[in-house]
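Novice: Got a structure here, written out as structure tokens. Questions coming.
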Amino acid sequence: MEPPCCFALELPGCTLAHFAVGEQAPGARPDPRVAALLGPPGRSYSLSVPGAGGAGARVRAARLHQHLRQQLRRGPFQRCELRRLLGYRPDGGAGALQHGFLLRDPRDSPDTRQALLALLDACPEAPRPRLAEFSGDPLCQLWRRPWERRDSRGWRQLGGERVGPAPEPALHPVVRDLPSAGVFPHREAARAVLEACTSFLPEARAVLDLVDQCPKQVQKGRFPVTVIEGLDATGKTTVTQSVSDLLKAVLLKSPPSCISQWRKIFDDEPTIIRRAFYSLGNYIVASEIAKESTKSPVIVDRYWHSTATYAIATEVSGGLQHLPPVHHPIYQWPRDLLKPDLVLLLTVSPEERMQRIEGRGMEKTREEAELETNSIFRQKVEVCYQRMENPGCHVVDASPSREKVLQMVLSVIQNNCN
């Protein structure tokens, strides 16, 4: 028997509720929060993007998902409640993940249904979104009824599938998909994503041309390489500049200057495209590190750890408890990327970081803005940083005075790179 299709629904407080459609999943207990969100009064709808296969299909699915999110925050949908919804199969079959949304209309207005069907009509190309709605019956059971397009004859609603409980999986369902969706294990995986973007994103071809000029295998020189990581406003830029001056080291940044002018363009794209851009930037930086470390010490302002931590924190819904566990392979350094001698992670308290941000007055990326407004997202990024391995991060408290922080950073570098 085919395993039931299960869903992970993000709730207030970044908790997750799981439910199944079709056959009841074994060993599951009913979750009253599911009935409260899917049943009457009001009406709930699921809107999802079919699971994708290769890089091109994944890129198209991710862009469609982003388009749907933007549309579901406009017009008649503004009166509805919008939540992340992830469809998956417990057996983890290929292409089983379906990223989407739960739209809760407290008024059960027919205008909402019509607006959703019109939204689907405006998405004629594959992959087409899948729409279903939930309803209850006199026996207090929940049902999910998909909508199907009948070519020129409009839409029709199919028969219902019963909604039942599903056990929480041992590992968040999206984790097994991360190596193809943002935490790329090697250069070619990230390259395939940007290759799929060249038809609509000219800058992707420019990045690929620069990457292809870099050797696929590079080695570090005899001088030490230190990476300094940290959330925005932890003093990272000041520390990297000061340390490089004191050590007479070359200062490099990721993304490198040759592609940083396109950062804003890629930051507006879905996670898979954004992370491919930053991942390939790391390989360009690796080529620069290999060259410069033959002549002097090298300090790097961000590198692979930033790319991976933000991807994990963004894609794994829910709270800290849903992150991949310690020592999971997703936290391992890519085998084909030049490895630094030392990685330092600068940290400050959330209150101090906010004060520094307010004083900067700089334009923020989408993720930087979310760090400020979403404390759970910030904590997820911080936890992921500290779970990185091979190499891990040496945590440095950046709250004291600038001189004190520099002394601590120099001491760690001297103790670990001599």
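Chain labels follow the order of the structure tokens: the first chain is A, the next B, and so on; residue numbering restarts at 1 in every chain, and ligands are counted from 1 in their shown order.
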Name all residues at most 10 Å from range 177-185 of chain A (count only C-alpha atoms; drop same-chain ones fewer than 3 positions away) and give them as an MDAnalysis selection string.
Specialist: chainID A and resid 53:55 58:59 62 92 94:97 173:174 188:193 270:280 304:305 307:312 314:316 329:337
Novice: Write out as a VMD selection string each polymer residue whose atoms come within 7 Å of Val348 in chain A, counting only C-alpha atoms; drop sequence neighbours fewer than 5 positions from it.
Specialist: chain A and resid 234 353 397 to 399
Novice: Write out as a list in words the residues lying within 12 Å of Gly164 in chain A, counting only C-alpha atoms and excluding same-chain residues fewer than 6 positions away.
Specialist: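 Residues meeting the cut-off are Pro4, Cys5, Cys6, Phe7, Ala17, His18, Phe19, Ala20, Val21, Gly22, Glu23, Gln24, Ala25, Pro26, Gly27, Ala28, Arg29, Pro30, Asp31, Pro32, Val34, Ala35, Leu38, Cys140, Gln141, Leu142, Trp143 and Arg144 of chain A.
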Novice: Which residues come within 9 Å of Ile284 in chain A, counting only C-alpha atoms, excluding same-chain residues fewer than 5 positions away, as a ChimeraX atom specification?
Specialist: /A:210-211,213-214,254-256,289
Novice: Counting only C-alpha atoms, figure out which residue out of A:Ile259, A:Leu251, A:Val343, A:Ala36 gets nearest to Val298 in chain A.
Specialist: A:Leu251
Novice: Just the number, please: distance in Å from CA of Glu195 in chain A to CA of Tyr283 in chain A, one decimal.
Specialist: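 CA of Tyr283 in chain A lies at a distance of 15.8 Å from CA of Glu195 in chain A.
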Novice: Considering only C-alpha atoms, return as a PDB file with all heavy atoms, in the first residue's frame whatever protein or nucleic-acid residues lie within 9 Å of Leu410 in chain A, sequence-local ones (same chain, fewer than 4 positions apart) excluded.
Specialist:
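This went into result-v9.pdb:
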ATOM      1  N   VAL A 243      42.038  43.342  11.910  1.00  0.00           N
ATOM      2  CA  VAL A 243      42.907  42.173  12.040  1.00  0.00           C
ATOM      3  C   VAL A 243      43.808  42.041  10.817  1.00  0.00           C
ATOM      4  O   VAL A 243      45.005  41.736  10.945  1.00  0.00           O
ATOM      5  CB  VAL A 243      42.068  40.898  12.252  1.00  0.00           C
ATOM      6  CG1 VAL A 243      42.947  39.651  12.144  1.00  0.00           C
ATOM      7  CG2 VAL A 243      41.392  40.934  13.603  1.00  0.00           C
ATOM      8  N   LEU A 246      46.622  44.562  11.168  1.00  0.00           N
ATOM      9  CA  LEU A 246      47.604  44.216  12.203  1.00  0.00           C
ATOM     10  C   LEU A 246      48.480  43.035  11.785  1.00  0.00           C
ATOM     11  O   LEU A 246      49.670  42.990  12.129  1.00  0.00           O
ATOM     12  CB  LEU A 246      46.877  43.898  13.512  1.00  0.00           C
ATOM     13  CG  LEU A 246      46.205  45.089  14.208  1.00  0.00           C
ATOM     14  CD1 LEU A 246      45.312  44.616  15.348  1.00  0.00           C
ATOM     15  CD2 LEU A 246      47.267  46.060  14.733  1.00  0.00           C
ATOM     16  N   LEU A 247      47.903  42.082  11.065  1.00  0.00           N
ATOM     17  CA  LEU A 247      48.660  40.893  10.663  1.00  0.00           C
ATOM     18  C   LEU A 247      49.301  41.046   9.286  1.00  0.00           C
ATOM     19  O   LEU A 247      49.950  40.122   8.805  1.00  0.00           O
ATOM     20  CB  LEU A 247      47.734  39.664  10.651  1.00  0.00           C
ATOM     21  CG  LEU A 247      47.145  39.234  11.990  1.00  0.00           C
ATOM     22  CD1 LEU A 247      46.261  38.011  11.806  1.00  0.00           C
ATOM     23  CD2 LEU A 247      48.252  38.940  12.997  1.00  0.00           C
ATOM     24  N   VAL A 405      38.106  43.137  21.857  1.00  0.00           N
ATOM     25  CA  VAL A 405      37.709  42.129  20.879  1.00  0.00           C
ATOM     26  C   VAL A 405      38.882  41.791  19.964  1.00  0.00           C
ATOM     27  O   VAL A 405      39.151  40.615  19.676  1.00  0.00           O
ATOM     28  CB  VAL A 405      36.503  42.616  20.047  1.00  0.00           C
ATOM     29  CG1 VAL A 405      36.198  41.642  18.921  1.00  0.00           C
ATOM     30  CG2 VAL A 405      35.281  42.779  20.942  1.00  0.00           C
ATOM     31  N   LEU A 406      39.619  42.804  19.526  1.00  0.00           N
ATOM     32  CA  LEU A 406      40.772  42.562  18.668  1.00  0.00           C
ATOM     33  C   LEU A 406      41.818  41.713  19.384  1.00  0.00           C
ATOM     34  O   LEU A 406      42.425  40.814  18.786  1.00  0.00           O
ATOM     35  CB  LEU A 406      41.384  43.888  18.225  1.00  0.00           C
ATOM     36  CG  LEU A 406      40.615  44.670  17.156  1.00  0.00           C
ATOM     37  CD1 LEU A 406      41.287  46.003  16.878  1.00  0.00           C
ATOM     38  CD2 LEU A 406      40.513  43.854  15.883  1.00  0.00           C
ATOM     39  N   GLN A 414      46.548  33.347  16.857  1.00  0.00           N
ATOM     40  CA  GLN A 414      47.916  32.935  17.175  1.00  0.00           C
ATOM     41  C   GLN A 414      47.974  31.552  17.782  1.00  0.00           C
ATOM     42  O   GLN A 414      48.875  30.752  17.497  1.00  0.00           O
ATOM     43  CB  GLN A 414      48.543  33.956  18.128  1.00  0.00           C
ATOM     44  CG  GLN A 414      48.807  35.316  17.476  1.00  0.00           C
ATOM     45  CD  GLN A 414      49.158  36.399  18.480  1.00  0.00           C
ATOM     46  OE1 GLN A 414      49.187  36.152  19.698  1.00  0.00           O
ATOM     47  NE2 GLN A 414      49.434  37.588  17.995  1.00  0.00           N
ATOM     48  N   ASN A 415      46.994  31.206  18.583  1.00  0.00           N
ATOM     49  CA  ASN A 415      46.980  29.887  19.254  1.00  0.00           C
ATOM     50  C   ASN A 415      46.612  28.754  18.312  1.00  0.00           C
ATOM     51  O   ASN A 415      46.912  27.589  18.595  1.00  0.00           O
ATOM     52  CB  ASN A 415      46.016  29.905  20.432  1.00  0.00           C
ATOM     53  CG  ASN A 415      46.500  30.770  21.575  1.00  0.00           C
ATOM     54  OD1 ASN A 415      47.697  31.006  21.716  1.00  0.00           O
ATOM     55  ND2 ASN A 415      45.563  31.254  22.390  1.00  0.00           N
TER      56      ASN A 415
END
Novice: List every residue of range 156-385 of chain A that DSSP, applied to the backbone, labels as alpha helix (DSSP H), and write the result as a PyMOL selection string.
Specialist: chain A and resi 178-181+187-195+202-212+236-246+257-260+263-267+271-292+304-315+350-360+366-373+375-385
